[in-house]
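Scroll down for the structure; my scribbles are underneath it.
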Amino acid sequence: MAGSADSFLQRVWYGDSWLRFLLAPLGWIYSAIIALRRALYAARLLPVKKLPVPVIVVGNLTVGGTGKTPLVLWLARQLAERSLKPGIVSRGYGGRVGDTPLAVMADSDPADVGDEAVLMARHHTGPVVVHPDRVKAAELAIARGAEVIVSDDGLQHLRLARDVEIAVVDGERLFGNGWLLPAGPLREPLSRLMQIDQLVIQCDDGDLPDMTGLLRDARCFQLLASAICRLDDADIRNIAEFSGTTMHAIAGIGNPGRFFRMLSAHGIDVIPHPLADHARIQQQDLEFDDDHEIVMTEKDAVKCRWLDTGRCWYVPVDVWLQNADAEYLLNDILRKIDEQATRRSVHG
């Protein structure tokens, strides 16, 4: 049922469906609510928590995947290479996080902490903490040694004061029909981009879409794949070895088509099996009436450790930016971190 609802909304948001007009009145109500909420935070009638360390929020204006989690990991790695100690916080979407924030380990159960959090803990050596209240999550990350907080999602979580905001955009789907929820995929009006510090766009071919206006200063990044791994990591190969083979491809991400096209670009004959974003994978999802191998995203792979996955592989991805874009993005972030550190010491 959840998958059917997700598929219906995708058609409304990214197609030319007239049904968006039926949902438009709900969008007007939603718009009024978020405008009032932002005004209350701006007037400090709702409390904003300033933490003792810099906070970088990586989020998006739309519902669904834009590549922000790989970008969060890339950014955390870049900060660590510059002798900072980043901690990652996330909502823990899809998990069962209660009143207490949870520290995530590589072997944590995705049913408890969410699939993206486990994925991040697999790659990040610093603290990864989940809780719907990012302030609580960040406070635990700081207690565990974090010197800078990187929030995976949270542009709309205004209780957490931030020093840098980065918005991530899907270069293929952009903002869909441009309407607010539920008539469109937007969580906030496009005018919100004017307040963002950095805008980065995931572009499959490395080139920015033909854009002007609010998006003219965006940086471009790609998600590249070179390896393909057994789910137990017992066998890691170059993905080129699978060129010319037929594989069942499973993707429970915001834009499954992007994953399928990436596999096809490596010469794999893909039998696609799209799932809803964050979908729970069960044994029957891995059973097919043939002998073809099965490949999935790494985010899906972390949910399959307890299943029979003898013929299953996953594809890790790496963020790639042109050197000029990476340098520009990092230098701007580091400059803002230094500025905020100076202000903290002055007002200390």
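Ordering of the structure tokens sets the chain letters (A, B, ...); residue numbers start at 1 within each chain; ligands are numbered from 1 in the order shown.
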Within 10 Å of segment 320-339 of chain A, which residues of segment 54-80 of chain A show up? Give each one with its shortest atom-to-atom distance in Å (one decimal) and the two atoms involved, counting only C-alpha atoms, rows by chain then rising residue number, as a tab-separated table.
```
residue	atom	partner	partner_atom	distance
A:Pro54	CA	A:Ile337	CA	6.0
A:Val55	CA	A:Ile337	CA	8.3
A:Ile56	CA	A:Ile333	CA	8.3
A:Leu71	CA	A:Trp320	CA	9.3
A:Trp74	CA	A:Trp320	CA	8.9
A:Leu75	CA	A:Leu330	CA	8.2
A:Gln78	CA	A:Leu330	CA	8.0
A:Leu79	CA	A:Leu330	CA	8.5
```
Contacts of Val135 of chain A within 10 Å, only C-alpha atoms, excl. fewer than 6 positions in-chain, as an MDAnalysis selection string: chainID A and resid 48:51 89 101 141 157:161
Selected residues written out, N, CA and C atoms, as a PDB file, in the first residue's frame:
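Written file, out-v2.pdb:
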```pdb
ATOM      1  N   VAL A  48      15.390  28.716  19.680  1.00  0.00           N
ATOM      2  CA  VAL A  48      16.448  28.242  18.794  1.00  0.00           C
ATOM      3  C   VAL A  48      17.667  27.936  19.659  1.00  0.00           C
ATOM      4  N   LYS A  49      18.212  26.740  19.506  1.00  0.00           N
ATOM      5  CA  LYS A  49      19.332  26.295  20.324  1.00  0.00           C
ATOM      6  C   LYS A  49      20.648  26.491  19.588  1.00  0.00           C
ATOM      7  N   LYS A  50      21.542  27.283  20.172  1.00  0.00           N
ATOM      8  CA  LYS A  50      22.878  27.499  19.623  1.00  0.00           C
ATOM      9  C   LYS A  50      23.851  26.567  20.329  1.00  0.00           C
ATOM     10  N   LEU A  51      24.535  25.739  19.589  1.00  0.00           N
ATOM     11  CA  LEU A  51      25.456  24.769  20.168  1.00  0.00           C
ATOM     12  C   LEU A  51      26.863  25.355  20.292  1.00  0.00           C
ATOM     13  N   VAL A  89      24.612  13.822  12.520  1.00  0.00           N
ATOM     14  CA  VAL A  89      23.315  13.605  13.153  1.00  0.00           C
ATOM     15  C   VAL A  89      22.256  13.462  12.068  1.00  0.00           C
ATOM     16  N   PRO A 101      18.210   9.980  22.273  1.00  0.00           N
ATOM     17  CA  PRO A 101      18.999   9.836  21.042  1.00  0.00           C
ATOM     18  C   PRO A 101      19.850   8.579  21.081  1.00  0.00           C
ATOM     19  N   ALA A 141      26.295  13.738  20.155  1.00  0.00           N
ATOM     20  CA  ALA A 141      27.476  13.653  19.289  1.00  0.00           C
ATOM     21  C   ALA A 141      28.629  14.471  19.861  1.00  0.00           C
ATOM     22  N   HIS A 157      14.401  21.882  10.219  1.00  0.00           N
ATOM     23  CA  HIS A 157      14.442  21.698  11.669  1.00  0.00           C
ATOM     24  C   HIS A 157      15.047  22.962  12.291  1.00  0.00           C
ATOM     25  N   LEU A 158      14.222  23.981  12.441  1.00  0.00           N
ATOM     26  CA  LEU A 158      14.717  25.325  12.757  1.00  0.00           C
ATOM     27  C   LEU A 158      15.130  25.489  14.216  1.00  0.00           C
ATOM     28  N   ARG A 159      14.824  24.527  15.064  1.00  0.00           N
ATOM     29  CA  ARG A 159      15.239  24.641  16.460  1.00  0.00           C
ATOM     30  C   ARG A 159      16.754  24.568  16.605  1.00  0.00           C
ATOM     31  N   LEU A 160      17.398  23.919  15.664  1.00  0.00           N
ATOM     32  CA  LEU A 160      18.856  23.812  15.693  1.00  0.00           C
ATOM     33  C   LEU A 160      19.467  24.966  14.913  1.00  0.00           C
ATOM     34  N   ALA A 161      20.157  25.859  15.633  1.00  0.00           N
ATOM     35  CA  ALA A 161      20.857  26.952  14.954  1.00  0.00           C
ATOM     36  C   ALA A 161      21.985  26.370  14.108  1.00  0.00           C
TER      37      ALA A 161
END
```
Nearby residues (only C-alpha atoms) at most 9 Å from segment 165-178 of chain A, same-chain spacing under 3 positions excluded, as a ChimeraX atom specification: /A:12-16,20,55-62,65-68,71,155,162,183-186,189-190,193,195-204,208-209,220,255,258
Members of segment 108-298 of chain A assigned strand (DSSP E) by DSSP, as a ChimeraX atom specification: /A:128-130,148-152,164-170,198-202,219-224,227-230,236-238,246-251,269-274,293-297
Shell around segment 267-278 of chain A at 9 Å using only C-alpha atoms, local window under 6 positions removed, as a VMD selection string: chain A and resid 2 to 4 6 to 7 64 to 65 93 to 94 114 to 116 240 242 to 257 260 to 261 285 299 to 300
Take the residues that were just selected and, keeping N, CA and C atoms, output them as a tab-separated table (two decimals), in the first residue's frame.
```tsv
chain	number	residue	atom	x	y	z
A	2	ALA	N	1.93	1.25	0.85
A	2	ALA	CA	2.81	2.42	0.91
A	2	ALA	C	3.48	2.67	-0.42
A	3	GLY	N	3.88	1.56	-1.10
A	3	GLY	CA	4.52	1.71	-2.40
A	3	GLY	C	3.58	2.28	-3.43
A	4	SER	N	2.30	1.89	-3.39
A	4	SER	CA	1.32	2.41	-4.33
A	4	SER	C	1.09	3.90	-4.11
A	6	ASP	N	3.22	5.98	-2.79
A	6	ASP	CA	4.44	6.68	-3.21
A	6	ASP	C	4.45	6.83	-4.73
A	7	SER	N	4.10	5.77	-5.44
A	7	SER	CA	4.09	5.81	-6.90
A	7	SER	C	3.06	6.83	-7.40
A	64	GLY	N	12.16	13.19	-0.78
A	64	GLY	CA	12.81	12.14	-1.55
A	64	GLY	C	14.29	12.36	-1.70
A	65	GLY	N	14.96	11.40	-2.31
A	65	GLY	CA	16.42	11.40	-2.38
A	65	GLY	C	16.97	12.38	-3.40
A	93	TYR	N	15.20	8.25	10.04
A	93	TYR	CA	13.94	7.96	9.36
A	93	TYR	C	13.79	6.45	9.12
A	94	GLY	N	12.62	5.93	9.44
A	94	GLY	CA	12.34	4.51	9.26
A	94	GLY	C	12.69	3.67	10.46
A	114	GLY	N	17.20	3.37	11.42
A	114	GLY	CA	17.05	3.82	10.04
A	114	GLY	C	18.18	3.34	9.16
A	115	ASP	N	17.89	3.12	7.89
A	115	ASP	CA	18.88	2.57	6.97
A	115	ASP	C	20.01	3.55	6.66
A	116	GLU	N	19.68	4.82	6.46
A	116	GLU	CA	20.72	5.79	6.12
A	116	GLU	C	21.72	5.96	7.26
A	240	ALA	N	32.95	-3.30	-13.83
A	240	ALA	CA	33.10	-3.58	-15.25
A	240	ALA	C	33.05	-5.08	-15.56
A	242	PHE	N	30.91	-7.07	-14.67
A	242	PHE	CA	29.51	-7.49	-14.84
A	242	PHE	C	28.90	-6.96	-16.13
A	243	SER	N	29.70	-6.27	-16.92
A	243	SER	CA	29.20	-5.78	-18.20
A	243	SER	C	28.79	-6.96	-19.08
A	244	GLY	N	27.60	-6.84	-19.66
A	244	GLY	CA	27.09	-7.90	-20.51
A	244	GLY	C	26.27	-8.95	-19.78
A	245	THR	N	26.18	-8.84	-18.46
A	245	THR	CA	25.37	-9.78	-17.70
A	245	THR	C	23.99	-9.19	-17.43
A	246	THR	N	23.04	-10.08	-17.11
A	246	THR	CA	21.70	-9.66	-16.72
A	246	THR	C	21.56	-9.78	-15.21
A	247	MET	N	21.05	-8.73	-14.56
A	247	MET	CA	20.91	-8.73	-13.11
A	247	MET	C	19.57	-8.13	-12.71
A	248	HIS	N	18.98	-8.69	-11.67
A	248	HIS	CA	17.84	-8.05	-11.04
A	248	HIS	C	18.37	-6.89	-10.20
A	249	ALA	N	17.80	-5.72	-10.37
A	249	ALA	CA	18.25	-4.54	-9.64
A	249	ALA	C	17.15	-4.05	-8.72
A	250	ILE	N	17.48	-3.93	-7.43
A	250	ILE	CA	16.53	-3.49	-6.41
A	250	ILE	C	16.97	-2.13	-5.90
A	251	ALA	N	16.03	-1.19	-5.81
A	251	ALA	CA	16.37	0.15	-5.34
A	251	ALA	C	15.21	0.73	-4.55
A	252	GLY	N	15.40	0.85	-3.23
A	252	GLY	CA	14.42	1.52	-2.38
A	252	GLY	C	14.93	2.89	-2.00
A	253	ILE	N	15.09	3.74	-2.99
A	253	ILE	CA	15.61	5.10	-2.81
A	253	ILE	C	14.64	6.09	-3.44
A	254	GLY	N	14.95	7.37	-3.27
A	254	GLY	CA	14.02	8.40	-3.75
A	254	GLY	C	13.85	8.41	-5.25
A	255	ASN	N	14.90	8.06	-5.99
A	255	ASN	CA	14.85	8.07	-7.45
A	255	ASN	C	15.48	6.79	-7.97
A	256	PRO	N	14.74	5.66	-7.92
A	256	PRO	CA	15.32	4.37	-8.32
A	256	PRO	C	15.84	4.37	-9.75
A	257	GLY	N	15.20	5.13	-10.63
A	257	GLY	CA	15.62	5.14	-12.03
A	257	GLY	C	17.05	5.55	-12.21
A	260	PHE	N	19.19	2.48	-11.69
A	260	PHE	CA	19.09	1.55	-12.82
A	260	PHE	C	19.90	2.06	-14.01
A	261	ARG	N	19.83	3.36	-14.27
A	261	ARG	CA	20.58	3.91	-15.40
A	261	ARG	C	22.08	3.84	-15.17
A	285	ASP	N	11.25	-10.42	-1.62
A	285	ASP	CA	11.74	-9.40	-2.56
A	285	ASP	C	13.01	-9.85	-3.27
A	299	LYS	N	22.34	1.40	0.53
A	299	LYS	CA	21.32	1.72	1.53
A	299	LYS	C	20.34	0.56	1.71
A	300	ASP	N	20.03	-0.14	0.63
A	300	ASP	CA	19.16	-1.31	0.74
A	300	ASP	C	19.91	-2.49	1.34
```
What's the 9 Å shell around Val118 of chain A, counting only C-alpha atoms, without same-chain residues fewer than 2 positions away, as an mmCIF file with N, CA, C and O atoms, in the first residue's frame?
```
data_model
loop_
_atom_site.group_PDB
_atom_site.id
_atom_site.type_symbol
_atom_site.label_atom_id
_atom_site.label_comp_id
_atom_site.auth_asym_id
_atom_site.auth_seq_id
_atom_site.Cartn_x
_atom_site.Cartn_y
_atom_site.Cartn_z
ATOM 1 N N VAL A 104 24.778 5.364 16.690
ATOM 2 C CA VAL A 104 24.642 4.327 15.668
ATOM 3 C C VAL A 104 25.994 3.692 15.400
ATOM 4 O O VAL A 104 27.010 4.387 15.275
ATOM 5 N N MET A 105 25.996 2.379 15.304
ATOM 6 C CA MET A 105 27.191 1.621 14.955
ATOM 7 C C MET A 105 26.974 0.947 13.596
ATOM 8 O O MET A 105 25.849 0.860 13.111
ATOM 9 N N ALA A 106 28.052 0.440 13.023
ATOM 10 C CA ALA A 106 27.951 -0.196 11.712
ATOM 11 C C ALA A 106 27.059 -1.422 11.746
ATOM 12 O O ALA A 106 26.479 -1.799 10.720
ATOM 13 N N ASP A 107 26.934 -2.060 12.931
ATOM 14 C CA ASP A 107 26.091 -3.251 13.035
ATOM 15 C C ASP A 107 24.753 -2.969 13.713
ATOM 16 O O ASP A 107 24.060 -3.905 14.129
ATOM 17 N N SER A 108 24.377 -1.704 13.841
ATOM 18 C CA SER A 108 23.069 -1.366 14.406
ATOM 19 C C SER A 108 21.961 -1.888 13.499
ATOM 20 O O SER A 108 22.143 -2.064 12.289
ATOM 21 N N ASP A 109 20.809 -2.126 14.087
ATOM 22 C CA ASP A 109 19.663 -2.620 13.334
ATOM 23 C C ASP A 109 18.972 -1.442 12.648
ATOM 24 O O ASP A 109 18.519 -0.508 13.313
ATOM 25 N N PRO A 110 18.881 -1.460 11.305
ATOM 26 C CA PRO A 110 18.195 -0.371 10.602
ATOM 27 C C PRO A 110 16.752 -0.189 11.055
ATOM 28 O O PRO A 110 16.218 0.917 10.961
ATOM 29 N N VAL A 113 17.303 2.315 13.962
ATOM 30 C CA VAL A 113 17.923 3.627 13.758
ATOM 31 C C VAL A 113 17.764 4.169 12.340
ATOM 32 O O VAL A 113 18.147 5.314 12.075
ATOM 33 N N GLY A 114 17.203 3.374 11.424
ATOM 34 C CA GLY A 114 17.045 3.816 10.043
ATOM 35 C C GLY A 114 18.183 3.339 9.159
ATOM 36 O O GLY A 114 19.316 3.169 9.617
ATOM 37 N N ASP A 115 17.886 3.124 7.886
ATOM 38 C CA ASP A 115 18.882 2.569 6.966
ATOM 39 C C ASP A 115 20.011 3.548 6.657
ATOM 40 O O ASP A 115 21.186 3.169 6.595
ATOM 41 N N GLU A 116 19.679 4.817 6.463
ATOM 42 C CA GLU A 116 20.719 5.790 6.122
ATOM 43 C C GLU A 116 21.720 5.963 7.262
ATOM 44 O O GLU A 116 22.922 6.141 7.023
ATOM 45 N N MET A 120 25.751 5.429 7.058
ATOM 46 C CA MET A 120 26.740 6.441 7.433
ATOM 47 C C MET A 120 27.716 5.909 8.474
ATOM 48 O O MET A 120 28.908 6.189 8.423
ATOM 49 N N ALA A 121 27.221 5.107 9.419
ATOM 50 C CA ALA A 121 28.098 4.545 10.444
ATOM 51 C C ALA A 121 29.093 3.556 9.848
ATOM 52 O O ALA A 121 30.177 3.361 10.406
ATOM 53 N N ARG A 122 28.743 2.934 8.735
ATOM 54 C CA ARG A 122 29.674 2.022 8.055
ATOM 55 C C ARG A 122 30.881 2.750 7.493
ATOM 56 O O ARG A 122 31.952 2.165 7.320
ATOM 57 N N HIS A 123 30.709 4.031 7.179
ATOM 58 C CA HIS A 123 31.768 4.771 6.488
ATOM 59 C C HIS A 123 32.402 5.880 7.324
ATOM 60 O O HIS A 123 33.480 6.368 6.973
ATOM 61 N N VAL A 128 27.925 8.978 15.015
ATOM 62 C CA VAL A 128 26.707 9.111 14.229
ATOM 63 C C VAL A 128 25.559 8.923 15.212
ATOM 64 O O VAL A 128 25.484 7.895 15.893
ATOM 65 N N LYS A 299 22.341 1.398 0.531
ATOM 66 C CA LYS A 299 21.321 1.719 1.530
ATOM 67 C C LYS A 299 20.343 0.563 1.714
ATOM 68 O O LYS A 299 19.881 0.300 2.825
ATOM 69 N N VAL A 302 22.075 -2.687 3.702
ATOM 70 C CA VAL A 302 22.200 -2.738 5.167
ATOM 71 C C VAL A 302 20.953 -3.334 5.814
ATOM 72 O O VAL A 302 20.994 -3.730 6.984
#
```
DSSP helix (DSSP H, G or I) residues within segment 229-260 of chain A, listed as a ChimeraX atom specification: /A:239-242,256-260
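The nearest approach to Pro182 of chain A among the residues A:Cys304, A:Arg134, A:Val63, A:Ala341, with only C-alpha atoms taken into account, belongs to A:Val63.
Distances from A:Ile281, A:Gly154, A:Arg305, A:Leu181 to Leu26 of chain A were compared using only C-alpha atoms, and the smallest one belongs to A:Leu181.
Of note, atom CA of Ala80 of chain A and atom CA of Met262 of chain A are spaced 29.1 Å apart.
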